Amino acid sequence: MPQAAEFDLEGMLRRCADGDAAALRALYDLEAARMIGVAQRIVRRRAVAEEVVHDAFVQIWRRAASFDPARGAARTWIYAIVRHRAISVLRDEKKLAIDGDEDAADGFAEESCDEVMTRLSDASSLRRCLERLETRARKLIVLTYVHGLSHSELAAREGVPLGTVKSWIRRGALALRECLE
Amino acid sequence: MNGRDEGRDALAAEYVLGSLDGAELAEAERLLAADAAFAGAVAAWRARLADLDATARPEPAGEALWNRIAGSIAPARAPATSAPRWWYGLWESLAFWRGLSLATAAAAAVLAVMIAATPQRTDQPAFVAVLTTDTGRPGAVMHAYTDGRVTLIPLEIAPIPEGRSLQLWSISTAAPAPVAVGLMDQVRTIRLDPGHLSPAQLRERFAVSVEPAGGSPTGQPTGPVVLQGQMKPAD
């Protein structure tokens, strides 16, 4: 019941804005597990993912009053906070040249684009539209979103110039937008 | 869209994908704060790609992480005086009940709840309550005896998370807010304060919530309610 769940999330955010800590707890019970999963795909290490989710909940608590259902779904708002925090942590670590030690990655295995695609709901129009993209554009868009890879990392992995990666992503994004409209 | 708008929309897409760094990231963040059209483009891209969040595998979210979050927001927590308002809202909220996802486990132990120093045994309880879980399943049976003894017999009850206590509350029209009547630090023993309970309260509603070890710091329920039920006269 996605609609009912969305309604519940909006109510929880409203109650958080009123200072009701029990609503944040209810949100934790409902979404924290998935939030850790989203964060871990980006920062790799479980302990860091928990830090990200900790910070995200503190932000949700402080910023709940600024959530406006007219500007987007509650779930989208919540996950934007988690992903933003995770990507910031990842970028900061790279800037400080902190070694993303593989041993510390808790056996985390990066997912392939195909794996992610199979877990998208059959009813998802995003899935339908991603399937219509060129393979390389689909791969770049999906892997960028779920793993937080930067343009330069993608260029190194794909063995192509930075500008090529950028133009593939931009063309793919344009085609995706048209398909979804 | 003209060329400039296309460029802006592509920047919004890249920002949401998370692929920007350096000067482009700084530019996107500046626009997000200053330009409503750009903020709208970012919101639209978030909505378009949101289904990808649901493809992440859930990872266990434990009490330790919650306790740290609760500690971080504690200075902003509403004072205890506001508790009854949210408490009654909570009571009505299906979302809240549905959100309680503590793993349940059958507990064989019988919780003996003593509220009287002089246990004059009478074999027939005067009042009985079936406390149900958030899914409406019987979680425990409470018996109140005429001599003031109360027993709580768990049928299906969540194990108490580490560092937490289960607290029993009386919810009665005779009191403006829930009254703490007992604490379980282990799934075995509980002590009630008989001074808090009038005969009228004994006949009304009870609930069990998860609280920090030693009980709610505010004197009002702060954690999820895992069981609740209404006392009724025994046959």
# chains A, B, ... in the order shown; residues from 1 in each chain; ligands from 1
$ interface_residues --of "chain A" --to "chain B" --cutoff "7 Å" --atoms "only C-alpha atoms" --output "mmCIF file with N, CA, C and O atoms, in the first residue's frame"
data_model
loop_
_atom_site.group_PDB
_atom_site.id
_atom_site.type_symbol
_atom_site.label_atom_id
_atom_site.label_comp_id
_atom_site.auth_asym_id
_atom_site.auth_seq_id
_atom_site.Cartn_x
_atom_site.Cartn_y
_atom_site.Cartn_z
ATOM 1 N N ASP A 8 1.288 7.946 5.833
ATOM 2 C CA ASP A 8 1.828 7.764 7.177
ATOM 3 C C ASP A 8 3.110 8.581 7.357
ATOM 4 O O ASP A 8 3.309 9.222 8.382
ATOM 5 N N GLY A 19 7.653 18.391 17.416
ATOM 6 C CA GLY A 19 8.521 18.007 18.527
ATOM 7 C C GLY A 19 8.190 16.658 19.135
ATOM 8 O O GLY A 19 8.587 16.365 20.262
ATOM 9 N N ASP A 20 7.480 15.818 18.385
ATOM 10 C CA ASP A 20 7.060 14.518 18.899
ATOM 11 C C ASP A 20 8.112 13.461 18.548
ATOM 12 O O ASP A 20 8.151 12.964 17.422
ATOM 13 N N ALA A 21 8.959 13.138 19.526
ATOM 14 C CA ALA A 21 10.060 12.201 19.272
ATOM 15 C C ALA A 21 9.548 10.801 18.944
ATOM 16 O O ALA A 21 10.226 10.042 18.259
ATOM 17 N N ALA A 22 8.357 10.464 19.417
ATOM 18 C CA ALA A 22 7.804 9.133 19.121
ATOM 19 C C ALA A 22 7.541 8.986 17.622
ATOM 20 O O ALA A 22 7.603 7.883 17.087
ATOM 21 N N ALA A 26 8.895 6.115 15.156
ATOM 22 C CA ALA A 26 8.039 5.358 14.246
ATOM 23 C C ALA A 26 8.633 5.377 12.835
ATOM 24 O O ALA A 26 8.631 4.372 12.130
ATOM 25 N N ASP A 29 11.492 2.952 12.796
ATOM 26 C CA ASP A 29 11.039 1.567 12.688
ATOM 27 C C ASP A 29 10.618 1.233 11.256
ATOM 28 O O ASP A 29 10.778 0.116 10.793
ATOM 29 N N LEU A 30 10.067 2.219 10.586
ATOM 30 C CA LEU A 30 9.538 1.989 9.240
ATOM 31 C C LEU A 30 10.636 2.033 8.179
ATOM 32 O O LEU A 30 10.633 1.242 7.242
ATOM 33 N N ALA A 32 14.406 2.951 8.715
ATOM 34 C CA ALA A 32 15.851 2.973 8.988
ATOM 35 C C ALA A 32 16.591 1.846 8.273
ATOM 36 O O ALA A 32 17.703 2.054 7.768
ATOM 37 N N ALA A 33 15.990 0.666 8.197
ATOM 38 C CA ALA A 33 16.683 -0.472 7.586
ATOM 39 C C ALA A 33 16.991 -0.182 6.119
ATOM 40 O O ALA A 33 18.110 -0.411 5.640
ATOM 41 N N ARG A 34 16.002 0.351 5.417
ATOM 42 C CA ARG A 34 16.210 0.679 3.999
ATOM 43 C C ARG A 34 17.202 1.844 3.860
ATOM 44 O O ARG A 34 18.034 1.867 2.951
ATOM 45 N N ILE A 36 19.715 2.539 5.814
ATOM 46 C CA ILE A 36 21.079 2.015 5.984
ATOM 47 C C ILE A 36 21.529 1.347 4.683
ATOM 48 O O ILE A 36 22.658 1.517 4.229
ATOM 49 N N GLY A 37 20.599 0.609 4.054
ATOM 50 C CA GLY A 37 20.918 -0.045 2.782
ATOM 51 C C GLY A 37 21.302 0.956 1.706
ATOM 52 O O GLY A 37 22.282 0.767 0.974
ATOM 53 N N VAL A 38 20.542 2.048 1.607
ATOM 54 C CA VAL A 38 20.838 3.093 0.613
ATOM 55 C C VAL A 38 22.192 3.736 0.910
ATOM 56 O O VAL A 38 23.020 3.930 0.007
ATOM 57 N N HIS A 54 22.400 8.129 11.112
ATOM 58 C CA HIS A 54 22.285 8.932 12.338
ATOM 59 C C HIS A 54 22.133 10.404 11.985
ATOM 60 O O HIS A 54 21.207 11.085 12.417
ATOM 61 N N PHE A 57 18.787 11.247 10.359
ATOM 62 C CA PHE A 57 17.653 11.347 11.288
ATOM 63 C C PHE A 57 17.687 12.658 12.079
ATOM 64 O O PHE A 57 16.647 13.255 12.334
ATOM 65 N N VAL A 58 18.887 13.082 12.450
ATOM 66 C CA VAL A 58 18.981 14.363 13.170
ATOM 67 C C VAL A 58 18.514 15.502 12.259
ATOM 68 O O VAL A 58 17.768 16.392 12.686
ATOM 69 N N GLY A 72 6.758 17.573 -3.182
ATOM 70 C CA GLY A 72 7.318 16.239 -3.381
ATOM 71 C C GLY A 72 6.892 15.306 -2.272
ATOM 72 O O GLY A 72 6.409 15.739 -1.228
ATOM 73 N N THR A 76 10.547 10.618 -0.790
ATOM 74 C CA THR A 76 11.582 11.196 -1.649
ATOM 75 C C THR A 76 12.416 12.205 -0.860
ATOM 76 O O THR A 76 13.654 12.237 -0.972
ATOM 77 N N ILE A 87 26.685 10.959 0.074
ATOM 78 C CA ILE A 87 27.569 11.432 -0.998
ATOM 79 C C ILE A 87 28.555 12.458 -0.452
ATOM 80 O O ILE A 87 29.738 12.445 -0.807
ATOM 81 N N VAL A 116 20.438 -4.220 -9.999
ATOM 82 C CA VAL A 116 19.568 -3.136 -9.536
ATOM 83 C C VAL A 116 18.285 -3.116 -10.364
ATOM 84 O O VAL A 116 17.180 -3.017 -9.829
ATOM 85 N N ARG A 119 15.585 -5.462 -9.441
ATOM 86 C CA ARG A 119 14.862 -5.179 -8.197
ATOM 87 C C ARG A 119 13.911 -3.992 -8.323
ATOM 88 O O ARG A 119 13.182 -3.691 -7.378
ATOM 89 N N LEU A 120 13.925 -3.331 -9.458
ATOM 90 C CA LEU A 120 12.902 -2.305 -9.686
ATOM 91 C C LEU A 120 11.576 -3.005 -9.957
ATOM 92 O O LEU A 120 11.544 -4.010 -10.654
ATOM 93 N N LEU A 126 9.926 4.104 -14.222
ATOM 94 C CA LEU A 126 11.368 4.338 -14.283
ATOM 95 C C LEU A 126 12.062 3.113 -14.886
ATOM 96 O O LEU A 126 12.945 3.230 -15.732
ATOM 97 N N THR A 144 25.737 5.493 -11.005
ATOM 98 C CA THR A 144 25.991 6.783 -10.374
ATOM 99 C C THR A 144 25.028 6.999 -9.222
ATOM 100 O O THR A 144 25.419 7.379 -8.118
ATOM 101 N N TYR A 145 23.747 6.715 -9.476
ATOM 102 C CA TYR A 145 22.736 6.953 -8.443
ATOM 103 C C TYR A 145 22.943 6.041 -7.238
ATOM 104 O O TYR A 145 22.952 6.500 -6.100
ATOM 105 N N GLY A 148 26.974 6.423 -5.997
ATOM 106 C CA GLY A 148 27.533 7.758 -5.791
ATOM 107 C C GLY A 148 28.871 7.969 -6.490
ATOM 108 O O GLY A 148 29.716 8.707 -5.994
ATOM 109 N N LEU A 149 29.070 7.315 -7.622
ATOM 110 C CA LEU A 149 30.339 7.480 -8.336
ATOM 111 C C LEU A 149 30.391 8.837 -9.035
ATOM 112 O O LEU A 149 29.392 9.288 -9.584
ATOM 113 N N SER A 150 31.549 9.471 -8.997
ATOM 114 C CA SER A 150 31.691 10.790 -9.635
ATOM 115 C C SER A 150 32.021 10.606 -11.116
ATOM 116 O O SER A 150 32.417 9.524 -11.566
ATOM 117 N N HIS A 151 31.884 11.711 -11.863
ATOM 118 C CA HIS A 151 32.212 11.677 -13.288
ATOM 119 C C HIS A 151 33.618 11.151 -13.526
ATOM 120 O O HIS A 151 33.847 10.349 -14.425
ATOM 121 N N ARG A 170 24.306 12.995 -19.770
ATOM 122 C CA ARG A 170 23.365 14.071 -20.122
ATOM 123 C C ARG A 170 22.372 13.600 -21.171
ATOM 124 O O ARG A 170 21.172 13.860 -21.062
ATOM 125 N N ALA A 173 19.973 11.205 -19.515
ATOM 126 C CA ALA A 173 19.029 11.902 -18.633
ATOM 127 C C ALA A 173 17.922 12.569 -19.445
ATOM 128 O O ALA A 173 16.747 12.517 -19.075
#
$ select_by_dssp --residues "region 120-167 of chain A" --states "alpha helix (DSSP H)" --output "NGL selection string"
:A and (125-132 or 135-147 or 151-158 or 162-167)
$ write_last_selection --atoms "C-alpha atoms" --output "PDB file, in the first residue's frame"
ATOM      1  CA  SER A 125       7.760   3.534 -15.197  1.00  0.00           C
ATOM      2  CA  LEU A 126      11.368   4.338 -14.283  1.00  0.00           C
ATOM      3  CA  ARG A 127      12.236   0.703 -14.998  1.00  0.00           C
ATOM      4  CA  ARG A 128      10.436   0.777 -18.328  1.00  0.00           C
ATOM      5  CA  CYS A 129      12.197   3.999 -19.340  1.00  0.00           C
ATOM      6  CA  LEU A 130      15.644   2.899 -18.132  1.00  0.00           C
ATOM      7  CA  GLU A 131      15.251  -0.278 -20.199  1.00  0.00           C
ATOM      8  CA  ARG A 132      14.746   1.872 -23.285  1.00  0.00           C
ATOM      9  CA  THR A 135      23.037   0.125 -22.351  1.00  0.00           C
ATOM     10  CA  ARG A 136      25.995   2.355 -21.464  1.00  0.00           C
ATOM     11  CA  ALA A 137      23.781   5.345 -20.539  1.00  0.00           C
ATOM     12  CA  ARG A 138      21.581   3.101 -18.381  1.00  0.00           C
ATOM     13  CA  LYS A 139      24.632   1.659 -16.643  1.00  0.00           C
ATOM     14  CA  LEU A 140      26.135   5.072 -15.933  1.00  0.00           C
ATOM     15  CA  ILE A 141      22.889   6.522 -14.598  1.00  0.00           C
ATOM     16  CA  VAL A 142      22.042   3.549 -12.376  1.00  0.00           C
ATOM     17  CA  LEU A 143      25.566   3.068 -10.994  1.00  0.00           C
ATOM     18  CA  THR A 144      25.991   6.783 -10.374  1.00  0.00           C
ATOM     19  CA  TYR A 145      22.736   6.953  -8.443  1.00  0.00           C
ATOM     20  CA  VAL A 146      23.151   3.834  -6.319  1.00  0.00           C
ATOM     21  CA  HIS A 147      26.912   4.007  -5.663  1.00  0.00           C
ATOM     22  CA  HIS A 151      32.212  11.677 -13.288  1.00  0.00           C
ATOM     23  CA  SER A 152      35.959  11.215 -12.958  1.00  0.00           C
ATOM     24  CA  GLU A 153      35.613   7.776 -11.356  1.00  0.00           C
ATOM     25  CA  LEU A 154      33.210   6.695 -14.068  1.00  0.00           C
ATOM     26  CA  ALA A 155      35.601   7.943 -16.745  1.00  0.00           C
ATOM     27  CA  ALA A 156      38.471   5.960 -15.212  1.00  0.00           C
ATOM     28  CA  ARG A 157      36.358   2.819 -14.962  1.00  0.00           C
ATOM     29  CA  GLU A 158      34.991   3.035 -18.461  1.00  0.00           C
ATOM     30  CA  LEU A 162      35.620  12.754 -18.734  1.00  0.00           C
ATOM     31  CA  GLY A 163      33.695  14.714 -21.380  1.00  0.00           C
ATOM     32  CA  THR A 164      32.405  11.489 -22.901  1.00  0.00           C
ATOM     33  CA  VAL A 165      31.016  10.291 -19.587  1.00  0.00           C
ATOM     34  CA  LYS A 166      29.329  13.644 -19.078  1.00  0.00           C
ATOM     35  CA  SER A 167      27.732  13.642 -22.510  1.00  0.00           C
TER      36      SER A 167
END
$ closest_residue --among "B:Ala12, B:Ala207, B:Ala34, B:Met142" --to "Gln228 (chain B)" --atoms "only C-alpha atoms"
B:Ala207
$ residues_around --residues "Asp68 (chain A)" --least-positions-apart "6" --cutoff "12 Å" --atoms "only C-alpha atoms" --output "PyMOL selection string"
(chain A and resi 10-11+13-14+17+74-78) or (chain B and resi 43)
$ atom_distance --atom1 "CA of Met117 (chain A)" --atom2 "CA of Ala70 (chain A)"
29.1 Å
$ atom_distance --atom1 "CA of Ser170 (chain B)" --atom2 "CA of Arg205 (chain B)"
6.0 Å
$ atom_distance --atom1 "CA of Leu202 (chain B)" --atom2 "CA of Pro161 (chain B)"
27.8 Å
$ residues_around --residues "Ala144 (chain B)" --least-positions-apart "5" --cutoff "6 Å" --atoms "only C-alpha atoms" --output "PDB file with C-alpha atoms, in the first residue's frame"
ATOM      1  CA  PRO B 125      -9.103 -12.893  39.317  1.00  0.00           C
ATOM      2  CA  ALA B 126     -11.572 -10.035  39.603  1.00  0.00           C
ATOM      3  CA  PHE B 127     -10.460  -8.385  36.344  1.00  0.00           C
ATOM      4  CA  ARG B 149      -2.171  -8.793  43.225  1.00  0.00           C
ATOM      5  CA  VAL B 150      -1.706  -8.451  39.466  1.00  0.00           C
TER       6      VAL B 150
END
$ residues_around --residues "Val208 (chain B)" --least-positions-apart "4" --cutoff "7 Å" --atoms "only C-alpha atoms" --output "mmCIF file with all heavy atoms, in the first residue's frame"
data_model
loop_
_atom_site.group_PDB
_atom_site.id
_atom_site.type_symbol
_atom_site.label_atom_id
_atom_site.label_comp_id
_atom_site.auth_asym_id
_atom_site.auth_seq_id
_atom_site.Cartn_x
_atom_site.Cartn_y
_atom_site.Cartn_z
ATOM 1 N N LEU B 166 10.928 -2.479 29.646
ATOM 2 C CA LEU B 166 9.510 -2.394 29.305
ATOM 3 C C LEU B 166 8.803 -1.742 30.486
ATOM 4 O O LEU B 166 9.043 -2.097 31.639
ATOM 5 C CB LEU B 166 8.916 -3.785 29.057
ATOM 6 C CG LEU B 166 9.393 -4.536 27.816
ATOM 7 C CD1 LEU B 166 8.643 -5.864 27.687
ATOM 8 C CD2 LEU B 166 9.200 -3.708 26.554
ATOM 9 N N GLN B 167 7.949 -0.771 30.198
ATOM 10 C CA GLN B 167 7.250 -0.076 31.269
ATOM 11 C C GLN B 167 5.749 -0.251 31.074
ATOM 12 O O GLN B 167 5.234 -0.130 29.968
ATOM 13 C CB GLN B 167 7.632 1.413 31.266
ATOM 14 C CG GLN B 167 7.295 2.110 32.578
ATOM 15 C CD GLN B 167 8.187 3.319 32.833
ATOM 16 O OE1 GLN B 167 8.794 3.866 31.913
ATOM 17 N NE2 GLN B 167 8.263 3.748 34.091
ATOM 18 N N LEU B 168 5.078 -0.542 32.181
ATOM 19 C CA LEU B 168 3.626 -0.737 32.152
ATOM 20 C C LEU B 168 2.951 0.559 32.573
ATOM 21 O O LEU B 168 3.369 1.203 33.533
ATOM 22 C CB LEU B 168 3.255 -1.881 33.102
ATOM 23 C CG LEU B 168 1.774 -2.258 33.180
ATOM 24 C CD1 LEU B 168 1.282 -2.887 31.879
ATOM 25 C CD2 LEU B 168 1.540 -3.238 34.334
ATOM 26 N N TRP B 169 1.913 0.949 31.833
ATOM 27 C CA TRP B 169 1.219 2.203 32.080
ATOM 28 C C TRP B 169 -0.262 1.945 32.292
ATOM 29 O O TRP B 169 -0.838 1.108 31.610
ATOM 30 C CB TRP B 169 1.374 3.160 30.888
ATOM 31 C CG TRP B 169 2.795 3.434 30.522
ATOM 32 C CD1 TRP B 169 3.580 2.705 29.674
ATOM 33 C CD2 TRP B 169 3.617 4.498 31.014
ATOM 34 N NE1 TRP B 169 4.845 3.254 29.608
ATOM 35 C CE2 TRP B 169 4.893 4.354 30.408
ATOM 36 C CE3 TRP B 169 3.398 5.564 31.900
ATOM 37 C CZ2 TRP B 169 5.940 5.228 30.673
ATOM 38 C CZ3 TRP B 169 4.445 6.439 32.140
ATOM 39 C CH2 TRP B 169 5.709 6.263 31.544
ATOM 40 N N VAL B 225 4.854 1.749 21.926
ATOM 41 C CA VAL B 225 3.967 0.916 22.732
ATOM 42 C C VAL B 225 3.886 -0.443 22.057
ATOM 43 O O VAL B 225 3.574 -0.529 20.875
ATOM 44 C CB VAL B 225 2.585 1.573 22.842
ATOM 45 C CG1 VAL B 225 1.595 0.635 23.515
ATOM 46 C CG2 VAL B 225 2.689 2.883 23.609
ATOM 47 N N VAL B 226 4.188 -1.497 22.817
ATOM 48 C CA VAL B 226 4.210 -2.827 22.205
ATOM 49 C C VAL B 226 2.993 -3.662 22.567
ATOM 50 O O VAL B 226 2.685 -4.622 21.876
ATOM 51 C CB VAL B 226 5.514 -3.587 22.546
ATOM 52 C CG1 VAL B 226 6.699 -2.941 21.830
ATOM 53 C CG2 VAL B 226 5.778 -3.622 24.038
ATOM 54 N N LEU B 227 2.324 -3.295 23.662
ATOM 55 C CA LEU B 227 1.132 -4.035 24.066
ATOM 56 C C LEU B 227 0.131 -3.063 24.661
ATOM 57 O O LEU B 227 0.504 -2.088 25.303
ATOM 58 C CB LEU B 227 1.472 -5.075 25.154
ATOM 59 C CG LEU B 227 2.365 -6.255 24.796
ATOM 60 C CD1 LEU B 227 2.704 -7.029 26.063
ATOM 61 C CD2 LEU B 227 1.695 -7.160 23.787
ATOM 62 N N GLN B 228 -1.151 -3.367 24.484
ATOM 63 C CA GLN B 228 -2.168 -2.548 25.136
ATOM 64 C C GLN B 228 -3.449 -3.357 25.242
ATOM 65 O O GLN B 228 -3.685 -4.259 24.446
ATOM 66 C CB GLN B 228 -2.417 -1.256 24.358
ATOM 67 C CG GLN B 228 -2.800 -1.459 22.908
ATOM 68 C CD GLN B 228 -4.234 -1.091 22.593
ATOM 69 O OE1 GLN B 228 -4.955 -0.576 23.450
ATOM 70 N NE2 GLN B 228 -4.660 -1.378 21.372
#
$ closest_residue --among "B:Ser165, B:Thr173, B:Ser198, B:Thr132" --to "Pro212 (chain B)" --atoms "only C-alpha atoms"
B:Ser165
$ closest_residue --among "B:Gly229, B:Val42, B:Ile171, B:Glu162" --to "Gly136 (chain B)" --atoms "only C-alpha atoms"
B:Gly229
